[in-house]
Protein chains: 2
Amino acid sequence: MDIQLAVIDDHDLFREGLKLVLNQVEGLHVVYDTSNGLRFLEMLDQVPIDIALMDIDMPGINGIELTERALLQKPDLKVIAVSMFSDTGHYTQMIHAGAKGFVLKKASKFELEQAIRAVHQGGNYFSQEILQKMAFHYTNQAAGCDQLTGREIEIISLICQGLTSQEISERLHISIKTVETHRSNIFQKVGVKNIVGLIMWAIKNQYYSVQ
Amino acid sequence: MDIQLAVIDDHDLFREGLKLVLNQVEGLHVVYDTSNGLRFLEMLDQVPIDIALMDIDMPGINGIELTERALLQKPDLKVIAVSMFSDTGHYTQMIHAGAKGFVLKKASKFELEQAIRAVHQGGNYFSQEILQKMAFHYTNQAAGCDQLTGREIEIISLICQGLTSQEISERLHISIKTVETHRSNIFQKVGVKNIVGLIMWAIKNQYYSVQ
DNA sequence: TTGGTACTAAGGGTTTTCCCCGATCTAAAA
DNA sequence: TTTTAGATCGGGGAAAACCCTTAGTACCAA
């Protein structure tokens with residue numbers, strides 16, 4: 001019996017190509033594909049799907065929320081994230097949502113096949129780049145505090161508004177050194193190396209909106 | 001006679017899929033594909049290629065420099081950018097380099113086919129999203145604000161990607177002092193006081209896309 | 001009571017940003 | 001031919017960002 005796959009990705013060209021690539025592989029079969037996450041949820045009970053290959057950044061409902069809702073609806077579904085980005089914000093949220101694998105879009109078809117087979121047999125698969133970031137965060141961090149604290153989120157917002165550390169310290173009536181400490185902690189947690197990366201991360205993860 | 005296509009993209013999965021999708025289309029034939037820009041330049045004289053479908057963001061030599069060098073080597077080659085991003089920095093540089101078309105990776109295969117046929121007949125093709133941004137900038141520049149030069153737009157794009165002035169100077173093979181001068185001029189023209197303001201401005205005015 | 005987490009703070013360092021200033025070269029435009 | 005705009009490069013300096021380490025306090029929960 002073939003492994004029954006679904007592809008959820010709003011990029012038509014990529015989705016179309018992925019379907020062709022995977023159907024060429026012995027033992028794999030793409031039985032459903034869509035650009036629309038909500039439509040996927042509707043079809044989930046009607047089409048027999050083993051593994052869903054899911055993009056994260058999509059308009060409307062994103063891959064993280066979609067994974068959560070899909071697993072609530074069908075707990076034995078397996079989800080593999082197939083994403084453009086390997087940043088911490090993306091993969092931690094995806095893992096937390098219940099994804100069993102994370103493969104980058106720049107992967108080869110062999111790697112993707114490997115991920116599918118591993119997850120189908122009840123295992124996990126994470127691409128090398130993700131594993132390295134995990135290891136980095138694991139070793140460089142005092143165990144597991146991956147989530148941002150309230151104060152940190154507050155400071156992210158102020159940084160995104162263009163305030164300097166000096167200005168933030170005045171606004172919050174704390175020392176500039178405290179602000180700098182928070183800043184460093186945020187960079188580490190989020191996995192970026194400077195303010196530009198932080199802003200991009202914050203916008204991507206909706207910690208800050210541009211409009 | 002089929003239209004002979006080449007695909008240059010470092011994302012294996014996407015390139016593989018694109019090849020399959022295009023070869024399904026009547027009258028199109030992918031005769032060469034690679035993830036390596038320099039190898040493409042070597043093959044350019046040996047394989048008969050009408051149109052190159054080129055990614056922009058690639059490790060090593062990027063799509064912009066690659067387009068310039070390919071057109072120098074084979075002036076009758078036609079280049080269509082197939083990019084993830086539709087920001088001004090990307091498409092202005094690509095047009096300047098000599099690309100005849102610009103299609104997003106989230107396009108449908110029908111749109112890509114349309115672009116290929118238009119360019120093959122000596123025309124241009126730019127996706128709707130690009131055209132709208134062009135119009136947006138055209139009208140906004142008519143409304144009086146200082147106009148940015150090509151180099152300045154290029155540098156805005158690199159700043160938004162998180163590169164320091166040092167890194168930008170290395171990427172563009174110019175002095176760090178030159179980068180700093182451009183930076184100051186950009187701040188003055190745009191009317192912001194630091195890098196955070198610039199990034200917010202760039203995103204708001206669609207000089208850079210977050211996703 | 002002990003341990004973990006969050007928030008606070010500081011020292012002391014390097015790197016980068018940001019802001020002056022002036023300057024040369026080239027190509028296009030007037 | 002002269003002017004102008006764009007790109008290039010430099011010195012010097014103040015401010016801000018960034019990095020690493022250590023540490024006190026308060027609070028909550030096991």
# chains A, B, ... in the order shown; residues from 1 in each chain; ligands from 1
>>> closest_atom_pairs(of="chain C", to="chain A", cutoff="9 Å", atoms="only C-alpha atoms (C1' of nucleotides)", output="JSON lines")
{"residue": "C:DA6", "atom": "C1'", "partner": "A:Thr149", "partner_atom": "CA", "distance": 7.5}
{"residue": "C:DC7", "atom": "C1'", "partner": "A:Arg151", "partner_atom": "CA", "distance": 8.1}
{"residue": "C:DT8", "atom": "C1'", "partner": "A:Thr178", "partner_atom": "CA", "distance": 6.4}
{"residue": "C:DA9", "atom": "C1'", "partner": "A:Thr178", "partner_atom": "CA", "distance": 6.1}
{"residue": "C:DA10", "atom": "C1'", "partner": "A:Lys177", "partner_atom": "CA", "distance": 7.2}
>>> write_last_selection(atoms="N, CA and C atoms (P, O5', C5', C4', C3', O3' and C1' of nucleotides)", output="PDB file, in the first residue's frame")
ATOM      1  P    DA C   6      10.859  32.438  32.728  1.00  0.00           P
ATOM      2  O5'  DA C   6      10.675  33.866  33.399  1.00  0.00           O
ATOM      3  C5'  DA C   6       9.540  34.132  34.194  1.00  0.00           C
ATOM      4  C4'  DA C   6       9.696  35.490  34.857  1.00  0.00           C
ATOM      5  C3'  DA C   6      10.257  36.571  33.939  1.00  0.00           C
ATOM      6  O3'  DA C   6       9.445  37.729  34.037  1.00  0.00           O
ATOM      7  C1'  DA C   6      11.539  36.452  35.928  1.00  0.00           C
ATOM      8  P    DC C   7       9.705  38.937  32.983  1.00  0.00           P
ATOM      9  O5'  DC C   7      10.529  39.987  33.852  1.00  0.00           O
ATOM     10  C5'  DC C   7      10.021  40.413  35.107  1.00  0.00           C
ATOM     11  C4'  DC C   7      11.126  41.102  35.889  1.00  0.00           C
ATOM     12  C3'  DC C   7      11.904  42.167  35.106  1.00  0.00           C
ATOM     13  O3'  DC C   7      11.559  43.459  35.589  1.00  0.00           O
ATOM     14  C1'  DC C   7      13.310  40.826  36.514  1.00  0.00           C
ATOM     15  P    DT C   8      12.245  44.755  34.893  1.00  0.00           P
ATOM     16  O5'  DT C   8      13.565  44.954  35.768  1.00  0.00           O
ATOM     17  C5'  DT C   8      13.465  45.196  37.159  1.00  0.00           C
ATOM     18  C4'  DT C   8      14.792  44.979  37.829  1.00  0.00           C
ATOM     19  C3'  DT C   8      15.937  45.839  37.317  1.00  0.00           C
ATOM     20  O3'  DT C   8      16.001  47.047  38.034  1.00  0.00           O
ATOM     21  C1'  DT C   8      16.628  43.581  37.840  1.00  0.00           C
ATOM     22  P    DA C   9      16.834  48.253  37.426  1.00  0.00           P
ATOM     23  O5'  DA C   9      18.332  47.742  37.536  1.00  0.00           O
ATOM     24  C5'  DA C   9      18.907  47.504  38.821  1.00  0.00           C
ATOM     25  C4'  DA C   9      20.318  47.010  38.657  1.00  0.00           C
ATOM     26  C3'  DA C   9      21.199  47.854  37.732  1.00  0.00           C
ATOM     27  O3'  DA C   9      21.965  48.723  38.538  1.00  0.00           O
ATOM     28  C1'  DA C   9      21.616  45.487  37.560  1.00  0.00           C
ATOM     29  P    DA C  10      22.901  49.831  37.941  1.00  0.00           P
ATOM     30  O5'  DA C  10      24.308  49.100  37.756  1.00  0.00           O
ATOM     31  C5'  DA C  10      24.893  48.434  38.857  1.00  0.00           C
ATOM     32  C4'  DA C  10      26.067  47.622  38.364  1.00  0.00           C
ATOM     33  C3'  DA C  10      26.964  48.369  37.372  1.00  0.00           C
ATOM     34  O3'  DA C  10      28.172  48.745  38.009  1.00  0.00           O
ATOM     35  C1'  DA C  10      26.583  46.078  36.741  1.00  0.00           C
TER      36       DA C  10
END
>>> calpha_fit_rmsd(fixed="chain B", moving="chain A")
8.1 Å
>>> residues_around(residues="region 102-111 of chain B", least_positions_apart="3", cutoff="8 Å", atoms="only C-alpha atoms (C1' of nucleotides)", output="JSON list (two decimals) with N, CA and C atoms, in the first residue's frame")
[["chain", "number", "residue", "atom", "x", "y", "z"],
["A", 10, "ASP", "N", 0.50, 27.30, -0.63],
["A", 10, "ASP", "CA", -0.17, 28.30, -1.46],
["A", 10, "ASP", "C", 0.62, 28.65, -2.72],
["A", 11, "HIS", "N", 1.86, 28.15, -2.82],
["A", 11, "HIS", "CA", 2.64, 28.41, -4.03],
["A", 11, "HIS", "C", 2.29, 27.36, -5.08],
["A", 12, "ASP", "N", 1.52, 27.76, -6.06],
["A", 12, "ASP", "CA", 1.00, 26.81, -7.04],
["A", 12, "ASP", "C", 2.11, 26.06, -7.74],
["A", 13, "LEU", "N", 3.09, 26.78, -8.19],
["A", 13, "LEU", "CA", 4.17, 26.18, -8.97],
["A", 13, "LEU", "C", 4.91, 25.13, -8.16],
["A", 14, "PHE", "N", 5.20, 25.48, -6.92],
["A", 14, "PHE", "CA", 5.92, 24.56, -6.04],
["A", 14, "PHE", "C", 5.07, 23.33, -5.72],
["B", 21, "VAL", "N", 7.05, 20.00, -14.41],
["B", 21, "VAL", "CA", 5.87, 20.80, -14.78],
["B", 21, "VAL", "C", 6.03, 21.36, -16.19],
["B", 22, "LEU", "N", 7.18, 21.92, -16.48],
["B", 22, "LEU", "CA", 7.38, 22.57, -17.78],
["B", 22, "LEU", "C", 7.46, 21.56, -18.92],
["B", 80, "ILE", "N", 14.36, 35.17, -17.49],
["B", 80, "ILE", "CA", 13.18, 35.44, -16.68],
["B", 80, "ILE", "C", 13.54, 35.12, -15.23],
["B", 81, "ALA", "N", 13.37, 36.11, -14.35],
["B", 81, "ALA", "CA", 13.61, 35.86, -12.94],
["B", 81, "ALA", "C", 12.42, 35.11, -12.35],
["B", 82, "VAL", "N", 12.71, 34.06, -11.61],
["B", 82, "VAL", "CA", 11.66, 33.31, -10.91],
["B", 82, "VAL", "C", 12.03, 33.35, -9.44],
["B", 83, "SER", "N", 11.42, 34.29, -8.74],
["B", 83, "SER", "CA", 11.89, 34.57, -7.38],
["B", 83, "SER", "C", 10.80, 34.42, -6.34],
["B", 84, "MET", "N", 11.25, 34.18, -5.14],
["B", 84, "MET", "CA", 10.38, 34.10, -3.97],
["B", 84, "MET", "C", 9.85, 35.48, -3.62],
["B", 85, "PHE", "N", 10.63, 36.50, -3.91],
["B", 85, "PHE", "CA", 10.33, 37.82, -3.38],
["B", 85, "PHE", "C", 9.99, 38.82, -4.49],
["B", 86, "SER", "N", 9.13, 39.74, -4.16],
["B", 86, "SER", "CA", 8.69, 40.71, -5.16],
["B", 86, "SER", "C", 9.08, 42.12, -4.76],
["B", 91, "TYR", "N", 13.59, 43.39, -7.91],
["B", 91, "TYR", "CA", 13.22, 43.48, -9.32],
["B", 91, "TYR", "C", 13.92, 44.62, -10.05],
["B", 99, "ALA", "N", 17.05, 41.33, -17.29],
["B", 99, "ALA", "CA", 15.98, 40.33, -17.31],
["B", 99, "ALA", "C", 14.79, 40.86, -18.08],
["B", 114, "GLN", "N", 2.75, 31.66, -19.74],
["B", 114, "GLN", "CA", 2.44, 32.93, -20.40],
["B", 114, "GLN", "C", 3.68, 33.82, -20.48],
["B", 115, "ALA", "N", 4.41, 33.87, -19.37],
["B", 115, "ALA", "CA", 5.63, 34.68, -19.31],
["B", 115, "ALA", "C", 6.66, 34.17, -20.32],
["B", 125, "TYR", "N", 7.46, 40.22, -19.57],
["B", 125, "TYR", "CA", 6.37, 39.79, -18.70],
["B", 125, "TYR", "C", 6.74, 40.05, -17.25],
["B", 126, "PHE", "N", 5.86, 40.77, -16.57],
["B", 126, "PHE", "CA", 6.05, 40.98, -15.14],
["B", 126, "PHE", "C", 4.76, 40.64, -14.43],
["B", 127, "SER", "N", 4.87, 39.91, -13.33],
["B", 127, "SER", "CA", 3.68, 39.47, -12.63],
["B", 127, "SER", "C", 2.94, 40.68, -12.05],
["B", 130, "ILE", "N", 4.36, 42.67, -9.17],
["B", 130, "ILE", "CA", 5.46, 43.55, -9.53],
["B", 130, "ILE", "C", 4.94, 44.82, -10.19]]
>>> atom_distance(atom1="CA of Glu113 (chain A)", atom2="CA of Ala52 (chain B)")
28.4 Å
>>> residues_around(residues="region 194-202 of chain B", least_positions_apart="2", cutoff="10 Å", atoms="only C-alpha atoms (C1' of nucleotides)", output="number ranges by chain")
A: 159-164, 195-196, 199-200, 209-211; B: 87-89, 153, 156-157, 159-162, 183-184, 186-187, 190-192, 204-209; C: 17-18
>>> interface_residues(of="chain D", to="chain B", cutoff="8 Å", atoms="only C-alpha atoms (C1' of nucleotides)", output="MDAnalysis selection string")
chainID D and resid 6 8:10
>>> residues_around(residues="Pro48 (chain A)", least_positions_apart="3", cutoff="9 Å", atoms="only C-alpha atoms (C1' of nucleotides)", output="list of chain:residue names")
A:Gln4, A:Leu5, A:Val31, A:Leu44, A:Asp45
>>> write_last_selection(atoms="N, CA, C and O atoms", output="short mmCIF file (atom, residue, chain, number, x, y, z; two decimals), in the first residue's frame")
data_model
loop_
_atom_site.label_atom_id
_atom_site.label_comp_id
_atom_site.auth_asym_id
_atom_site.auth_seq_id
_atom_site.Cartn_x
_atom_site.Cartn_y
_atom_site.Cartn_z
N GLN A 4 -0.07 7.56 1.55
CA GLN A 4 -0.98 8.56 1.00
C GLN A 4 -0.58 9.95 1.52
O GLN A 4 -0.58 10.20 2.72
N LEU A 5 -0.28 10.83 0.58
CA LEU A 5 0.21 12.16 0.97
C LEU A 5 -0.77 13.26 0.60
O LEU A 5 -1.51 13.15 -0.38
N VAL A 31 -2.45 12.16 -2.82
CA VAL A 31 -3.87 11.95 -3.09
C VAL A 31 -4.67 13.25 -3.00
O VAL A 31 -5.81 13.32 -3.42
N LEU A 44 -10.30 16.40 5.28
CA LEU A 44 -9.49 15.51 6.09
C LEU A 44 -10.23 14.21 6.47
O LEU A 44 -9.62 13.14 6.55
N ASP A 45 -11.54 14.29 6.67
CA ASP A 45 -12.30 13.10 7.07
C ASP A 45 -12.71 12.25 5.88
O ASP A 45 -13.11 11.11 6.04
#
>>> atom_distance(atom1="CA of Arg117 (chain A)", atom2="CA of Leu77 (chain A)")
14.1 Å
>>> closest_residue(among="B:Leu38, B:Ile168, B:Ile64, B:Leu158", to="chain A", atoms="only C-alpha atoms")
B:Leu158
>>> select_by_dssp(residues="region 70-171 of chain B", states="alpha helix (DSSP H)", output="PyMOL selection string")
chain B and resi 70-73+88-97+109-120+128-142+150-160+165-171
>>> decode(residues="region 5-29 of chain D", atoms="N, CA, C and O atoms (P, O5', C5', C4', C3', O3' and C1' of nucleotides)", output="mmCIF file, in the first residue's frame")
data_model
loop_
_atom_site.group_PDB
_atom_site.id
_atom_site.type_symbol
_atom_site.label_atom_id
_atom_site.label_comp_id
_atom_site.auth_asym_id
_atom_site.auth_seq_id
_atom_site.Cartn_x
_atom_site.Cartn_y
_atom_site.Cartn_z
ATOM 1 P P DA D 5 21.879 68.108 -9.441
ATOM 2 O "O5'" DA D 5 21.958 66.528 -9.673
ATOM 3 C "C5'" DA D 5 21.649 65.997 -10.966
ATOM 4 C "C4'" DA D 5 22.057 64.540 -11.029
ATOM 5 C "C3'" DA D 5 21.888 63.790 -9.711
ATOM 6 O "O3'" DA D 5 21.454 62.470 -9.992
ATOM 7 C "C1'" DA D 5 24.170 63.757 -10.334
ATOM 8 P P DG D 6 20.984 61.531 -8.795
ATOM 9 O "O5'" DG D 6 22.087 60.385 -8.812
ATOM 10 C "C5'" DG D 6 22.388 59.714 -10.019
ATOM 11 C "C4'" DG D 6 23.699 58.970 -9.863
ATOM 12 C "C3'" DG D 6 23.798 58.155 -8.571
ATOM 13 O "O3'" DG D 6 24.003 56.793 -8.924
ATOM 14 C "C1'" DG D 6 25.760 59.447 -8.925
ATOM 15 P P DA D 7 23.970 55.677 -7.765
ATOM 16 O "O5'" DA D 7 25.502 55.357 -7.503
ATOM 17 C "C5'" DA D 7 26.344 55.026 -8.598
ATOM 18 C "C4'" DA D 7 27.793 55.143 -8.178
ATOM 19 C "C3'" DA D 7 28.129 54.477 -6.838
ATOM 20 O "O3'" DA D 7 29.019 53.370 -7.046
ATOM 21 C "C1'" DA D 7 29.153 56.606 -7.054
ATOM 22 P P DT D 8 29.527 52.540 -5.818
ATOM 23 O "O5'" DT D 8 30.886 53.266 -5.413
ATOM 24 C "C5'" DT D 8 31.994 53.248 -6.293
ATOM 25 C "C4'" DT D 8 33.037 54.250 -5.845
ATOM 26 C "C3'" DT D 8 33.638 53.994 -4.471
ATOM 27 O "O3'" DT D 8 34.746 53.108 -4.580
ATOM 28 C "C1'" DT D 8 33.300 56.321 -4.891
ATOM 29 P P DC D 9 35.297 52.381 -3.322
ATOM 30 O "O5'" DC D 9 35.898 53.547 -2.407
ATOM 31 C "C5'" DC D 9 37.093 54.209 -2.821
ATOM 32 C "C4'" DC D 9 37.445 55.305 -1.834
ATOM 33 C "C3'" DC D 9 37.597 54.841 -0.389
ATOM 34 O "O3'" DC D 9 38.973 54.714 -0.085
ATOM 35 C "C1'" DC D 9 36.571 56.995 -0.604
ATOM 36 P P DG D 10 39.435 54.055 1.271
ATOM 37 O "O5'" DG D 10 39.608 55.301 2.247
ATOM 38 C "C5'" DG D 10 40.567 56.298 1.951
ATOM 39 C "C4'" DG D 10 40.342 57.508 2.809
ATOM 40 C "C3'" DG D 10 40.183 57.246 4.298
ATOM 41 O "O3'" DG D 10 41.457 57.329 4.934
ATOM 42 C "C1'" DG D 10 38.724 58.965 3.509
ATOM 43 P P DG D 11 41.608 56.938 6.468
ATOM 44 O "O5'" DG D 11 41.257 58.288 7.229
ATOM 45 C "C5'" DG D 11 41.834 59.528 6.808
ATOM 46 C "C4'" DG D 11 41.513 60.600 7.834
ATOM 47 C "C3'" DG D 11 41.538 60.102 9.270
ATOM 48 O "O3'" DG D 11 42.195 61.063 10.106
ATOM 49 C "C1'" DG D 11 39.371 60.961 8.766
ATOM 50 P P DG D 12 42.606 60.662 11.584
ATOM 51 O "O5'" DG D 12 41.364 61.194 12.432
ATOM 52 C "C5'" DG D 12 40.855 62.500 12.192
ATOM 53 C "C4'" DG D 12 39.607 62.701 13.023
ATOM 54 C "C3'" DG D 12 39.612 61.942 14.356
ATOM 55 O "O3'" DG D 12 39.260 62.834 15.388
ATOM 56 C "C1'" DG D 12 37.619 61.521 13.167
ATOM 57 P P DG D 13 39.449 62.410 16.914
ATOM 58 O "O5'" DG D 13 37.943 62.405 17.439
ATOM 59 C "C5'" DG D 13 37.044 63.438 17.061
ATOM 60 C "C4'" DG D 13 35.633 63.012 17.403
ATOM 61 C "C3'" DG D 13 35.525 62.187 18.691
ATOM 62 O "O3'" DG D 13 34.413 62.627 19.433
ATOM 63 C "C1'" DG D 13 34.488 61.051 16.938
ATOM 64 P P DA D 14 34.423 62.485 21.001
ATOM 65 O "O5'" DA D 14 32.846 62.361 21.291
ATOM 66 C "C5'" DA D 14 31.934 63.236 20.627
ATOM 67 C "C4'" DA D 14 30.612 62.528 20.420
ATOM 68 C "C3'" DA D 14 30.097 61.790 21.657
ATOM 69 O "O3'" DA D 14 28.703 62.033 21.779
ATOM 70 C "C1'" DA D 14 30.287 60.289 19.841
ATOM 71 P P DA D 15 27.960 61.555 23.095
ATOM 72 O "O5'" DA D 15 27.017 60.401 22.514
ATOM 73 C "C5'" DA D 15 26.230 60.631 21.348
ATOM 74 C "C4'" DA D 15 25.747 59.304 20.796
ATOM 75 C "C3'" DA D 15 25.043 58.415 21.821
ATOM 76 O "O3'" DA D 15 23.737 58.176 21.339
ATOM 77 C "C1'" DA D 15 26.644 57.184 20.546
ATOM 78 P P DA D 16 22.671 57.468 22.283
ATOM 79 O "O5'" DA D 16 22.658 55.999 21.674
ATOM 80 C "C5'" DA D 16 22.464 55.820 20.271
ATOM 81 C "C4'" DA D 16 22.863 54.422 19.897
ATOM 82 C "C3'" DA D 16 22.221 53.321 20.757
ATOM 83 O "O3'" DA D 16 21.299 52.628 19.947
ATOM 84 C "C1'" DA D 16 24.548 52.910 20.334
ATOM 85 P P DA D 17 20.532 51.341 20.479
ATOM 86 O "O5'" DA D 17 21.506 50.171 19.996
ATOM 87 C "C5'" DA D 17 21.930 50.142 18.634
ATOM 88 C "C4'" DA D 17 22.950 49.038 18.431
ATOM 89 C "C3'" DA D 17 22.499 47.647 18.887
ATOM 90 O "O3'" DA D 17 22.814 46.740 17.850
ATOM 91 C "C1'" DA D 17 24.614 48.165 19.795
ATOM 92 P P DC D 18 22.199 45.269 17.826
ATOM 93 O "O5'" DC D 18 23.334 44.407 18.508
ATOM 94 C "C5'" DC D 18 24.598 44.309 17.863
ATOM 95 C "C4'" DC D 18 25.638 43.740 18.795
ATOM 96 C "C3'" DC D 18 25.255 42.444 19.509
ATOM 97 O "O3'" DC D 18 26.113 41.425 19.024
ATOM 98 C "C1'" DC D 18 26.454 43.921 20.921
ATOM 99 P P DC D 19 25.866 39.894 19.384
ATOM 100 O "O5'" DC D 19 26.864 39.668 20.607
ATOM 101 C "C5'" DC D 19 28.254 39.824 20.400
ATOM 102 C "C4'" DC D 19 29.011 39.554 21.679
ATOM 103 C "C3'" DC D 19 28.469 38.377 22.496
ATOM 104 O "O3'" DC D 19 29.509 37.430 22.663
ATOM 105 C "C1'" DC D 19 28.907 40.257 23.874
ATOM 106 P P DC D 20 29.139 35.955 23.212
ATOM 107 O "O5'" DC D 20 29.694 36.028 24.704
ATOM 108 C "C5'" DC D 20 31.025 36.504 24.946
ATOM 109 C "C4'" DC D 20 31.220 36.701 26.435
ATOM 110 C "C3'" DC D 20 30.470 35.695 27.287
ATOM 111 O "O3'" DC D 20 31.377 34.872 28.011
ATOM 112 C "C1'" DC D 20 30.225 37.914 28.120
ATOM 113 P P DT D 21 30.774 33.677 28.945
ATOM 114 O "O5'" DT D 21 30.828 34.309 30.405
ATOM 115 C "C5'" DT D 21 31.956 35.057 30.816
ATOM 116 C "C4'" DT D 21 31.624 35.843 32.064
ATOM 117 C "C3'" DT D 21 30.818 35.056 33.105
ATOM 118 O "O3'" DT D 21 31.643 34.663 34.201
ATOM 119 C "C1'" DT D 21 30.047 37.309 32.858
ATOM 120 P P DT D 22 31.026 33.696 35.332
ATOM 121 O "O5'" DT D 22 30.465 34.700 36.443
ATOM 122 C "C5'" DT D 22 31.242 35.841 36.828
ATOM 123 C "C4'" DT D 22 30.371 36.792 37.607
ATOM 124 C "C3'" DT D 22 29.535 36.124 38.717
ATOM 125 O "O3'" DT D 22 29.895 36.661 39.968
ATOM 126 C "C1'" DT D 22 28.244 37.656 37.440
ATOM 127 P P DA D 23 29.356 36.000 41.315
ATOM 128 O "O5'" DA D 23 28.081 36.864 41.678
ATOM 129 C "C5'" DA D 23 28.148 38.281 41.584
ATOM 130 C "C4'" DA D 23 26.780 38.854 41.847
ATOM 131 C "C3'" DA D 23 25.911 37.998 42.789
ATOM 132 O "O3'" DA D 23 25.324 38.838 43.751
ATOM 133 C "C1'" DA D 23 24.720 38.541 40.851
ATOM 134 P P DG D 24 25.116 38.287 45.222
ATOM 135 O "O5'" DG D 24 23.851 39.122 45.695
ATOM 136 C "C5'" DG D 24 23.878 40.552 45.633
ATOM 137 C "C4'" DG D 24 22.473 41.058 45.355
ATOM 138 C "C3'" DG D 24 21.394 40.443 46.248
ATOM 139 O "O3'" DG D 24 20.636 41.474 46.860
ATOM 140 C "C1'" DG D 24 20.790 40.257 43.955
ATOM 141 P P DT D 25 19.679 41.072 48.060
ATOM 142 O "O5'" DT D 25 18.265 41.082 47.343
ATOM 143 C "C5'" DT D 25 17.830 42.235 46.611
ATOM 144 C "C4'" DT D 25 16.520 41.925 45.926
ATOM 145 C "C3'" DT D 25 15.503 41.228 46.812
ATOM 146 O "O3'" DT D 25 14.281 41.948 46.783
ATOM 147 C "C1'" DT D 25 15.730 40.101 44.750
ATOM 148 P P DA D 26 13.214 41.655 47.981
ATOM 149 O "O5'" DA D 26 11.926 41.196 47.163
ATOM 150 C "C5'" DA D 26 11.675 41.738 45.865
ATOM 151 C "C4'" DA D 26 10.798 40.776 45.094
ATOM 152 C "C3'" DA D 26 9.784 40.010 45.941
ATOM 153 O "O3'" DA D 26 8.513 40.151 45.345
ATOM 154 C "C1'" DA D 26 11.020 38.524 44.576
ATOM 155 P P DC D 27 7.231 39.726 46.201
ATOM 156 O "O5'" DC D 27 6.667 38.506 45.348
ATOM 157 C "C5'" DC D 27 6.728 38.537 43.919
ATOM 158 C "C4'" DC D 27 6.615 37.126 43.376
ATOM 159 C "C3'" DC D 27 5.665 36.220 44.175
ATOM 160 O "O3'" DC D 27 4.731 35.643 43.288
ATOM 161 C "C1'" DC D 27 7.721 35.133 43.754
ATOM 162 P P DC D 28 3.366 35.019 43.872
ATOM 163 O "O5'" DC D 28 3.108 33.776 42.917
ATOM 164 C "C5'" DC D 28 3.933 33.583 41.755
ATOM 165 C "C4'" DC D 28 4.385 32.134 41.668
ATOM 166 C "C3'" DC D 28 3.469 31.130 42.375
ATOM 167 O "O3'" DC D 28 3.159 30.089 41.473
ATOM 168 C "C1'" DC D 28 5.717 30.783 43.019
ATOM 169 P P DA D 29 1.972 29.074 41.835
ATOM 170 O "O5'" DA D 29 2.707 27.664 41.796
ATOM 171 C "C5'" DA D 29 3.672 27.384 40.781
ATOM 172 C "C4'" DA D 29 4.595 26.255 41.228
ATOM 173 C "C3'" DA D 29 3.866 25.078 41.883
ATOM 174 O "O3'" DA D 29 4.454 23.858 41.448
ATOM 175 C "C1'" DA D 29 5.508 25.900 43.355
#
